[in-house]
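Working notes for the structure below.
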Amino acid sequence: MTDNTPRNPLTLLGLGDMGTALARTWLAAGHPLTVWNRTAAKAEALAAEGAVVAASPAGAVAANALVVVCLLDDPTVGSALDGVDLTGKDLVNLTTGTPAEGRARAAWAEARGARFVDGGIMATPTMIGVPEAGGYVFYSGSRALFDAHRSALEVPAGARFVGEDPGHAALHDVALLSAMWGMFAGISQAYALTEGEDIAPKDLAPLLSEWLGAMGFFVGNAAERLTSRDFTSGVVSNLAMQVAGSGTMLRTAEEQGVSTELVAPYVDLLRRRLAADPAAHGGEDTAGAITLLRAR
Ligand code: FVH
């Protein structure tokens, strides 16, 4: 049976890879959509799918109360919306930025009479509109805006509201991406170590996946220890042992003719924690080293 419930109209600024993917899901779900893109040709296919194409950011913003922005970066958002009347608008910024940029953009939007929510997209364009792909968006800022438009915001991907601090969507986004980059670095090192040996990447791949899954316990373990500040109870693999073992890891890289540039910084951090007070920290969990990372 067809659902004929009218869908709320919205505006989207930015038709790059991500913006185009977002636009298609809203059109497919029956949301009237007005779009604008600097390079107008990118809107042509969407016009054929039912989008209204605005000639300027001001025209696009004027068309609807809900305005979603997905542009290259924060300065681009500022320049695209420079001089545009945002009074009474609900601005949702899906452009990737830093927490400080999210907070400054929120103040900027509110000073222009708009409600503001920042978003951090945890998905690639191919995951948009594919619920089983598991992509979602972190949102933070105006709870009232988020609640008012939640059904539209949930069309492209899941929606997770992480608080009224407009910097927190970006902070969650970058925290998860930082962990991902660390994992990518470790995987890169593993393949580099075995490359050229009689160990095919396709044979190492399932072993790596299985091992990383097993080591995923560190996520919850570190959270508990950072909350309790107890780095010594129930430790399974202590810092002194890990630091001693790190020498083997570094020497193996040298034997294999592989750079240690990806793993050396983490080894240095663990060594620094141990050297600060071997008696106190030697028996700790490696989560204790996290406390050294904050400069302030
Ligand atoms: N693509 C991805 O995998 C990631 C997934 C996570 C979130 N990111 C962020 O999403 C923002 C947009 O990403 P994108 O993939 O759409 O990026 P592009 O395909 O490069 O499109 C960029 C759009 O920005 C427009 N643009 C660039 N510079 C200007 C400017 N000076 N004035 C006005 N618009 C500008 C560009 O327009 P055009 O080049 O087509 O004319 C595109 O619409 C981004 O923050 C990611 O970090 C994506």
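Residue names in the structure tokens use chain letters A, B, ... in the order shown, residue numbers from 1 in each chain, and ligand numbers from 1 in the order shown.
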Would you pick out the contacts of segment 122-124 of chain A at 12 Å or less, using only C-alpha atoms, so that residues sharing its chain but fewer than 2 positions from it are not included, and give the list as a PyMOL selection string?
chain A and resi 17-22+94-96+119-120+126-139+156-160+169-170+172-177+180
Please, could you write that set of residues out with N, CA and C atoms as a compact mmCIF listing (two decimals), in the first residue's frame?
# COMPACT_ATOMS: atom_id res chain seq x y z
N ASP A 17 29.47 14.59 -3.93
CA ASP A 17 29.13 13.17 -3.83
C ASP A 17 28.14 12.92 -2.69
N MET A 18 28.41 13.51 -1.54
CA MET A 18 27.53 13.28 -0.40
C MET A 18 26.19 13.99 -0.57
N GLY A 19 26.24 15.26 -0.97
CA GLY A 19 25.00 16.02 -1.14
C GLY A 19 24.06 15.35 -2.14
N THR A 20 24.62 14.86 -3.23
CA THR A 20 23.79 14.19 -4.24
C THR A 20 23.15 12.92 -3.68
N ALA A 21 23.92 12.17 -2.91
CA ALA A 21 23.36 10.95 -2.29
C ALA A 21 22.23 11.31 -1.33
N LEU A 22 22.44 12.36 -0.54
CA LEU A 22 21.39 12.81 0.39
C LEU A 22 20.14 13.22 -0.38
N LEU A 94 25.66 19.72 7.64
CA LEU A 94 26.27 18.38 7.54
C LEU A 94 27.68 18.44 6.95
N THR A 95 28.22 19.65 6.87
CA THR A 95 29.59 19.83 6.41
C THR A 95 30.55 19.44 7.52
N THR A 96 31.56 18.65 7.21
CA THR A 96 32.50 18.23 8.24
C THR A 96 33.31 19.43 8.76
N GLY A 119 26.01 18.54 12.20
CA GLY A 119 25.97 17.09 11.99
C GLY A 119 27.32 16.55 11.60
N GLY A 120 27.58 15.32 12.01
CA GLY A 120 28.80 14.61 11.60
C GLY A 120 28.37 13.30 10.96
N THR A 126 27.89 5.93 -0.57
CA THR A 126 27.23 4.66 -0.95
C THR A 126 26.41 4.06 0.19
N MET A 127 26.63 4.52 1.42
CA MET A 127 25.86 4.00 2.56
C MET A 127 24.58 4.80 2.80
N ILE A 128 24.47 5.94 2.12
CA ILE A 128 23.31 6.80 2.33
C ILE A 128 22.08 6.17 1.66
N GLY A 129 21.00 6.10 2.42
CA GLY A 129 19.77 5.49 1.89
C GLY A 129 19.80 3.98 1.89
N VAL A 130 20.81 3.41 2.56
CA VAL A 130 20.94 1.94 2.65
C VAL A 130 20.99 1.59 4.14
N PRO A 131 19.82 1.44 4.79
CA PRO A 131 19.81 1.25 6.25
C PRO A 131 20.68 0.11 6.71
N GLU A 132 20.72 -0.98 5.94
CA GLU A 132 21.50 -2.14 6.37
C GLU A 132 23.00 -1.88 6.34
N ALA A 133 23.44 -0.78 5.71
CA ALA A 133 24.87 -0.44 5.69
C ALA A 133 25.32 0.10 7.06
N GLY A 134 24.38 0.53 7.88
CA GLY A 134 24.72 0.93 9.25
C GLY A 134 25.21 2.36 9.39
N GLY A 135 25.12 3.16 8.35
CA GLY A 135 25.57 4.55 8.47
C GLY A 135 24.61 5.37 9.31
N TYR A 136 25.13 6.41 9.91
CA TYR A 136 24.28 7.32 10.68
C TYR A 136 24.94 8.68 10.76
N VAL A 137 24.20 9.63 11.35
CA VAL A 137 24.72 10.99 11.50
C VAL A 137 24.62 11.39 12.96
N PHE A 138 25.72 11.93 13.50
CA PHE A 138 25.67 12.55 14.83
C PHE A 138 25.09 13.95 14.65
N TYR A 139 24.15 14.32 15.53
CA TYR A 139 23.62 15.68 15.52
C TYR A 139 23.81 16.30 16.89
N PRO A 156 17.99 9.80 5.13
CA PRO A 156 19.22 9.33 4.47
C PRO A 156 19.99 8.29 5.28
N ALA A 157 19.96 8.43 6.61
CA ALA A 157 20.75 7.54 7.48
C ALA A 157 20.23 7.71 8.91
N GLY A 158 20.62 6.82 9.80
CA GLY A 158 20.18 6.94 11.19
C GLY A 158 20.60 8.28 11.78
N ALA A 159 19.86 8.72 12.80
CA ALA A 159 20.14 10.02 13.42
C ALA A 159 20.41 9.82 14.91
N ARG A 160 21.56 10.28 15.39
CA ARG A 160 21.90 10.16 16.81
C ARG A 160 22.18 11.55 17.37
N ALA A 169 28.68 17.13 17.95
CA ALA A 169 28.54 16.23 16.78
C ALA A 169 29.90 16.06 16.12
N ALA A 170 30.58 17.19 15.90
CA ALA A 170 31.92 17.13 15.27
C ALA A 170 32.90 16.37 16.16
N HIS A 172 32.28 13.94 18.36
CA HIS A 172 32.01 12.50 18.23
C HIS A 172 32.53 11.98 16.89
N ASP A 173 32.25 12.73 15.84
CA ASP A 173 32.67 12.36 14.49
C ASP A 173 34.19 12.16 14.45
N VAL A 174 34.92 13.17 14.91
CA VAL A 174 36.38 13.12 14.82
C VAL A 174 36.97 12.09 15.78
N ALA A 175 36.33 11.88 16.93
CA ALA A 175 36.82 10.84 17.84
C ALA A 175 36.75 9.47 17.16
N LEU A 176 35.64 9.19 16.53
CA LEU A 176 35.51 7.88 15.86
C LEU A 176 36.44 7.77 14.66
N LEU A 177 36.57 8.87 13.92
CA LEU A 177 37.48 8.84 12.77
C LEU A 177 38.93 8.67 13.22
N MET A 180 39.51 5.17 13.87
CA MET A 180 39.56 4.47 12.57
C MET A 180 40.94 4.63 11.93
In segment 135-180 of chain A, DSSP alpha helix (DSSP H) residues written as a PyMOL selection string
chain A and resi 143-153+168-180
When you count only C-alpha atoms, which of these residues is closest to Ala264 of chain A: A:Ala185, A:Leu33, A:Leu27, A:Leu226?
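Of A:Ala185, A:Leu33, A:Leu27, A:Leu226, the one nearest Ala264 of chain A is A:Ala185, counting only C-alpha atoms.
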Of the candidates A:Asp74, A:Asp90, A:Asp230, A:Glu195, which one gets nearest to ligand 1 if we count only C-alpha atoms and all ligand atoms?
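When distances to ligand 1 are compared using only C-alpha atoms and all ligand atoms, the smallest one comes from A:Asp74.
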Test item: residues at most 8 Å from segment 41-55 of chain A, only C-alpha atoms, excluding those fewer than 3 positions along its chain, as an MDAnalysis selection string
chainID A and resid 15:16 20 23:24 27 32:37 59:60
Emit the selected residues as a compact mmCIF listing (two decimals), in the first residue's frame, including all heavy atoms.
# COMPACT_ATOMS: atom_id res chain seq x y z
N LEU A 15 25.86 19.83 -3.80
CA LEU A 15 25.57 18.59 -4.53
C LEU A 15 26.86 17.91 -4.96
O LEU A 15 27.06 17.55 -6.12
CB LEU A 15 24.68 18.86 -5.74
CG LEU A 15 23.29 19.43 -5.42
CD1 LEU A 15 22.55 19.79 -6.70
CD2 LEU A 15 22.48 18.45 -4.57
N GLY A 16 27.77 17.77 -3.99
CA GLY A 16 28.95 16.93 -4.23
C GLY A 16 28.51 15.48 -4.12
O GLY A 16 27.31 15.16 -4.20
N THR A 20 24.62 14.86 -3.23
CA THR A 20 23.79 14.19 -4.24
C THR A 20 23.15 12.92 -3.68
O THR A 20 21.96 12.66 -3.92
CB THR A 20 24.65 13.87 -5.49
OG1 THR A 20 25.14 15.10 -6.02
CG2 THR A 20 23.83 13.15 -6.54
N ALA A 23 20.34 14.01 -1.42
CA ALA A 23 19.22 14.54 -2.20
C ALA A 23 18.36 13.40 -2.75
O ALA A 23 17.12 13.44 -2.69
CB ALA A 23 19.75 15.40 -3.35
N ARG A 24 19.02 12.39 -3.27
CA ARG A 24 18.27 11.26 -3.89
C ARG A 24 17.37 10.57 -2.87
O ARG A 24 16.26 10.14 -3.19
CB ARG A 24 19.25 10.25 -4.49
CG ARG A 24 19.96 10.78 -5.71
CD ARG A 24 20.09 9.72 -6.81
NE ARG A 24 20.16 10.38 -8.11
CZ ARG A 24 21.29 10.77 -8.70
NH1 ARG A 24 22.45 10.54 -8.13
NH2 ARG A 24 21.25 11.38 -9.88
N LEU A 27 14.30 12.79 -2.19
CA LEU A 27 13.37 12.75 -3.34
C LEU A 27 12.65 11.41 -3.40
O LEU A 27 11.43 11.35 -3.59
CB LEU A 27 14.14 13.00 -4.64
CG LEU A 27 14.65 14.43 -4.86
CD1 LEU A 27 15.60 14.48 -6.05
CD2 LEU A 27 13.47 15.40 -5.04
N PRO A 32 9.47 17.12 -0.93
CA PRO A 32 9.75 18.18 -1.90
C PRO A 32 11.11 18.80 -1.58
O PRO A 32 11.38 19.17 -0.43
CB PRO A 32 8.61 19.18 -1.68
CG PRO A 32 7.53 18.37 -1.04
CD PRO A 32 8.23 17.35 -0.18
N LEU A 33 11.98 18.90 -2.59
CA LEU A 33 13.37 19.29 -2.34
C LEU A 33 13.78 20.41 -3.28
O LEU A 33 13.63 20.31 -4.50
CB LEU A 33 14.28 18.08 -2.53
CG LEU A 33 15.77 18.30 -2.27
CD1 LEU A 33 16.04 18.52 -0.77
CD2 LEU A 33 16.59 17.09 -2.76
N THR A 34 14.32 21.47 -2.69
CA THR A 34 14.95 22.54 -3.46
C THR A 34 16.45 22.42 -3.28
O THR A 34 16.92 22.26 -2.14
CB THR A 34 14.47 23.93 -2.98
OG1 THR A 34 13.04 23.99 -3.15
CG2 THR A 34 15.12 25.05 -3.76
N VAL A 35 17.20 22.48 -4.37
CA VAL A 35 18.65 22.32 -4.28
C VAL A 35 19.37 23.51 -4.90
O VAL A 35 18.84 24.20 -5.78
CB VAL A 35 19.13 21.02 -4.98
CG1 VAL A 35 18.57 19.79 -4.28
CG2 VAL A 35 18.77 21.01 -6.46
N TRP A 36 20.59 23.71 -4.41
CA TRP A 36 21.49 24.68 -5.05
C TRP A 36 22.89 24.09 -5.02
O TRP A 36 23.29 23.44 -4.04
CB TRP A 36 21.52 26.02 -4.30
CG TRP A 36 22.62 26.92 -4.83
CD1 TRP A 36 22.55 27.74 -5.93
CD2 TRP A 36 23.96 27.04 -4.32
NE1 TRP A 36 23.77 28.35 -6.13
CE2 TRP A 36 24.65 27.94 -5.17
CE3 TRP A 36 24.64 26.45 -3.25
CZ2 TRP A 36 25.99 28.29 -4.95
CZ3 TRP A 36 25.97 26.78 -3.05
CH2 TRP A 36 26.63 27.71 -3.88
N ASN A 37 23.62 24.30 -6.09
CA ASN A 37 25.03 23.92 -6.13
C ASN A 37 25.79 24.96 -6.94
O ASN A 37 25.28 25.50 -7.93
CB ASN A 37 25.22 22.54 -6.77
CG ASN A 37 26.61 21.98 -6.49
OD1 ASN A 37 26.99 21.80 -5.34
ND2 ASN A 37 27.36 21.72 -7.54
N GLY A 59 17.99 32.13 -2.93
CA GLY A 59 16.73 31.60 -3.45
C GLY A 59 16.41 30.24 -2.86
O GLY A 59 15.25 29.94 -2.53
N ALA A 60 17.43 29.41 -2.70
CA ALA A 60 17.22 28.07 -2.13
C ALA A 60 16.78 28.17 -0.67
O ALA A 60 15.85 27.49 -0.23
CB ALA A 60 18.50 27.26 -2.25
Excluding same-chain residues fewer than 5 positions from Ile187 of chain A, what lies within 12 Å of it counting only C-alpha atoms, as a ChimeraX atom specification?
/A:180-182,192-194,201,204-209,211-212,262-263
Resulting file, chosen residues, C-alpha atoms, as a CSV table (one decimal), in the first residue's frame:
chain,number,residue,atom,x,y,z
A,180,MET,CA,39.6,4.5,12.6
A,181,TRP,CA,42.8,6.1,11.4
A,182,GLY,CA,44.7,4.4,14.1
A,192,ALA,CA,53.8,-4.0,5.0
A,193,LEU,CA,55.5,-6.4,7.3
A,194,THR,CA,54.3,-9.4,5.4
A,201,PRO,CA,47.4,-10.5,1.8
A,204,LEU,CA,46.5,-12.5,6.3
A,205,ALA,CA,43.2,-10.6,5.9
A,206,PRO,CA,40.9,-13.0,7.8
A,207,LEU,CA,43.5,-13.3,10.6
A,208,LEU,CA,43.7,-9.5,10.9
A,209,SER,CA,39.9,-9.1,11.0
A,211,TRP,CA,42.4,-10.4,15.8
A,212,LEU,CA,41.1,-6.8,15.6
A,262,LEU,CA,53.2,4.5,12.0
A,263,VAL,CA,53.7,2.5,15.2
Nearest to ligand 1 among A:Val162, A:Leu13, A:Leu239, A:Ala106, with distances taken over only C-alpha atoms and all ligand atoms: which residue is it?
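Checking each of A:Val162, A:Leu13, A:Leu239, A:Ala106 against ligand 1, counting only C-alpha atoms and all ligand atoms, the winner is A:Leu13.
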note - atom 29 (C, counted along the ligand's line) of ligand 1 and atom CA of Glu154 of chain A are separated by 25.9 Å
What does the distance from atom CA of Gly102 of chain A to atom CA of Ala222 of chain A come to in Å, to one decimal?
27.5 Å
Surrounding residues of segment 147-153 of chain A excluding itself and chain neighbours under 6 positions, 8 Å, only C-alpha atoms, as a PDB file with N, CA, C and O atoms, in the first residue's frame:
ATOM      1  N   ARG A   7       5.185  14.732   2.886  1.00  0.00           N
ATOM      2  CA  ARG A   7       6.500  14.847   3.520  1.00  0.00           C
ATOM      3  C   ARG A   7       6.899  16.321   3.565  1.00  0.00           C
ATOM      4  O   ARG A   7       6.601  17.080   2.637  1.00  0.00           O
ATOM      5  N   ASN A   8       7.613  16.675   4.628  1.00  0.00           N
ATOM      6  CA  ASN A   8       8.021  18.074   4.781  1.00  0.00           C
ATOM      7  C   ASN A   8       9.015  18.474   3.691  1.00  0.00           C
ATOM      8  O   ASN A   8       9.941  17.715   3.379  1.00  0.00           O
ATOM      9  N   TRP A  26      15.970  11.870  -0.165  1.00  0.00           N
ATOM     10  CA  TRP A  26      14.805  12.696   0.168  1.00  0.00           C
ATOM     11  C   TRP A  26      13.791  12.700  -0.975  1.00  0.00           C
ATOM     12  O   TRP A  26      12.590  12.615  -0.740  1.00  0.00           O
ATOM     13  N   HIS A  31       9.974  13.749  -0.245  1.00  0.00           N
ATOM     14  CA  HIS A  31      10.132  15.102   0.311  1.00  0.00           C
ATOM     15  C   HIS A  31      10.332  16.096  -0.825  1.00  0.00           C
ATOM     16  O   HIS A  31      11.294  15.946  -1.618  1.00  0.00           O
ATOM     17  N   LEU A  66      13.332  24.369   6.508  1.00  0.00           N
ATOM     18  CA  LEU A  66      14.461  23.482   6.822  1.00  0.00           C
ATOM     19  C   LEU A  66      15.513  23.573   5.725  1.00  0.00           C
ATOM     20  O   LEU A  66      15.228  23.312   4.553  1.00  0.00           O
ATOM     21  N   ALA A 159      19.858   8.724  12.802  1.00  0.00           N
ATOM     22  CA  ALA A 159      20.139  10.021  13.423  1.00  0.00           C
ATOM     23  C   ALA A 159      20.405   9.822  14.908  1.00  0.00           C
ATOM     24  O   ALA A 159      19.569   9.247  15.613  1.00  0.00           O
TER      25      ALA A 159
END
Of A:Ala144, A:Val68, A:Ala40, A:Val84, the one nearest to ligand 1 when counting only C-alpha atoms and all ligand atoms is A:Ala40
Would you list, as a VMD selection string, the residues of segment 20-235 of chain A that end up in strand (DSSP E) under DSSP run on this structure's backbone?
chain A and resid 33 to 36 52 to 53 66 to 69 90 to 93 115 to 122 136 to 141 158 to 161
Could you save the residues just selected, with N, CA, C and O atoms, as a CSV table (one decimal), in the first residue's frame?
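The file below, out_28.csv, is the result:
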chain,number,residue,atom,x,y,z
A,33,LEU,N,12.0,18.9,-2.6
A,33,LEU,CA,13.4,19.3,-2.3
A,33,LEU,C,13.8,20.4,-3.3
A,33,LEU,O,13.6,20.3,-4.5
A,34,THR,N,14.3,21.5,-2.7
A,34,THR,CA,14.9,22.5,-3.5
A,34,THR,C,16.5,22.4,-3.3
A,34,THR,O,16.9,22.3,-2.1
A,35,VAL,N,17.2,22.5,-4.4
A,35,VAL,CA,18.7,22.3,-4.3
A,35,VAL,C,19.4,23.5,-4.9
A,35,VAL,O,18.8,24.2,-5.8
A,36,TRP,N,20.6,23.7,-4.4
A,36,TRP,CA,21.5,24.7,-5.0
A,36,TRP,C,22.9,24.1,-5.0
A,36,TRP,O,23.3,23.4,-4.0
A,52,VAL,N,13.6,20.9,-7.3
A,52,VAL,CA,13.5,22.3,-7.8
A,52,VAL,C,14.9,22.8,-7.7
A,52,VAL,O,15.6,22.7,-6.6
A,53,VAL,N,15.4,23.4,-8.7
A,53,VAL,CA,16.8,23.9,-8.7
A,53,VAL,C,16.8,25.5,-8.5
A,53,VAL,O,16.2,26.2,-9.4
A,66,LEU,N,13.3,24.4,6.5
A,66,LEU,CA,14.5,23.5,6.8
A,66,LEU,C,15.5,23.6,5.7
A,66,LEU,O,15.2,23.3,4.6
A,67,VAL,N,16.7,24.0,6.1
A,67,VAL,CA,17.8,24.1,5.2
A,67,VAL,C,19.0,23.3,5.6
A,67,VAL,O,19.5,23.4,6.7
A,68,VAL,N,19.3,22.3,4.8
A,68,VAL,CA,20.5,21.4,5.0
A,68,VAL,C,21.6,21.9,4.2
A,68,VAL,O,21.5,22.1,3.0
A,69,VAL,N,22.8,21.9,4.8
A,69,VAL,CA,24.0,22.4,4.1
A,69,VAL,C,25.0,21.2,4.1
A,69,VAL,O,25.4,20.7,5.1
A,90,ASP,N,15.6,26.9,10.0
A,90,ASP,CA,16.2,25.8,10.7
A,90,ASP,C,17.4,25.3,9.9
A,90,ASP,O,17.2,24.6,8.9
A,91,LEU,N,18.6,25.6,10.4
A,91,LEU,CA,19.8,25.3,9.6
A,91,LEU,C,20.5,24.0,10.1
A,91,LEU,O,20.9,24.0,11.3
A,92,VAL,N,20.6,23.0,9.3
A,92,VAL,CA,21.3,21.8,9.6
A,92,VAL,C,22.6,21.7,8.8
A,92,VAL,O,22.5,21.6,7.6
A,93,ASN,N,23.7,21.7,9.5
A,93,ASN,CA,25.0,21.8,8.8
A,93,ASN,C,25.7,20.4,8.8
A,93,ASN,O,26.2,20.0,9.8
A,115,ARG,N,17.6,28.7,14.0
A,115,ARG,CA,18.0,27.7,14.9
A,115,ARG,C,19.1,26.8,14.1
A,115,ARG,O,19.1,26.8,12.9
A,116,PHE,N,19.9,26.1,14.9
A,116,PHE,CA,21.1,25.5,14.3
A,116,PHE,C,21.4,24.1,14.9
A,116,PHE,O,21.3,23.9,16.1
A,117,VAL,N,21.6,23.2,14.0
A,117,VAL,CA,22.1,21.9,14.4
A,117,VAL,C,23.3,21.5,13.6
A,117,VAL,O,23.3,21.7,12.3
A,118,ASP,N,24.4,21.0,14.2
A,118,ASP,CA,25.5,20.6,13.4
A,118,ASP,C,25.5,19.1,13.3
A,118,ASP,O,24.9,18.4,14.2
A,119,GLY,N,26.0,18.5,12.2
A,119,GLY,CA,26.0,17.1,12.0
A,119,GLY,C,27.3,16.5,11.6
A,119,GLY,O,28.1,17.2,11.0
A,120,GLY,N,27.6,15.3,12.0
A,120,GLY,CA,28.8,14.6,11.6
A,120,GLY,C,28.4,13.3,11.0
A,120,GLY,O,27.8,12.4,11.6
A,121,ILE,N,28.7,13.2,9.7
A,121,ILE,CA,28.1,12.0,8.9
A,121,ILE,C,29.1,10.8,9.1
A,121,ILE,O,30.2,10.9,8.7
A,122,MET,N,28.6,9.8,9.7
A,122,MET,CA,29.4,8.5,9.8
A,122,MET,C,29.0,7.5,8.7
A,122,MET,O,28.4,6.5,9.0
A,136,TYR,N,25.1,6.4,9.9
A,136,TYR,CA,24.3,7.3,10.7
A,136,TYR,C,24.9,8.7,10.8
A,136,TYR,O,26.1,8.9,10.3
A,137,VAL,N,24.2,9.6,11.3
A,137,VAL,CA,24.7,11.0,11.5
A,137,VAL,C,24.6,11.4,13.0
A,137,VAL,O,23.6,11.2,13.6
A,138,PHE,N,25.7,11.9,13.5
A,138,PHE,CA,25.7,12.6,14.8
A,138,PHE,C,25.1,14.0,14.7
A,138,PHE,O,25.5,14.7,13.7
A,139,TYR,N,24.2,14.3,15.5
A,139,TYR,CA,23.6,15.7,15.5
A,139,TYR,C,23.8,16.3,16.9
A,139,TYR,O,23.7,15.6,17.9
A,140,SER,N,24.1,17.6,16.9
A,140,SER,CA,24.1,18.3,18.2
A,140,SER,C,23.7,19.8,18.0
A,140,SER,O,24.0,20.3,16.9
A,141,GLY,N,23.2,20.4,19.0
A,141,GLY,CA,22.8,21.8,18.9
A,141,GLY,C,21.3,21.9,19.4
A,141,GLY,O,21.0,21.4,20.5
A,158,GLY,N,20.6,6.8,9.8
A,158,GLY,CA,20.2,6.9,11.2
A,158,GLY,C,20.6,8.3,11.8
A,158,GLY,O,21.5,8.9,11.3
A,159,ALA,N,19.9,8.7,12.8
A,159,ALA,CA,20.1,10.0,13.4
A,159,ALA,C,20.4,9.8,14.9
A,159,ALA,O,19.6,9.2,15.6
A,160,ARG,N,21.6,10.3,15.4
A,160,ARG,CA,21.9,10.2,16.8
A,160,ARG,C,22.2,11.5,17.4
A,160,ARG,O,23.2,12.2,17.0
A,161,PHE,N,21.3,12.0,18.3
A,161,PHE,CA,21.5,13.3,18.9
A,161,PHE,C,22.4,13.2,20.1
A,161,PHE,O,22.1,12.4,21.0
Need to verify the contact set: segment 287-292 of chain A, 9 Å, only C-alpha atoms, exclusion of same-chain residues closer than 5 positions in sequence. Can you return it as a PyMOL selection string?
chain A and resi 218+221-223+225-226+229-232+239+269-270+272-274+281
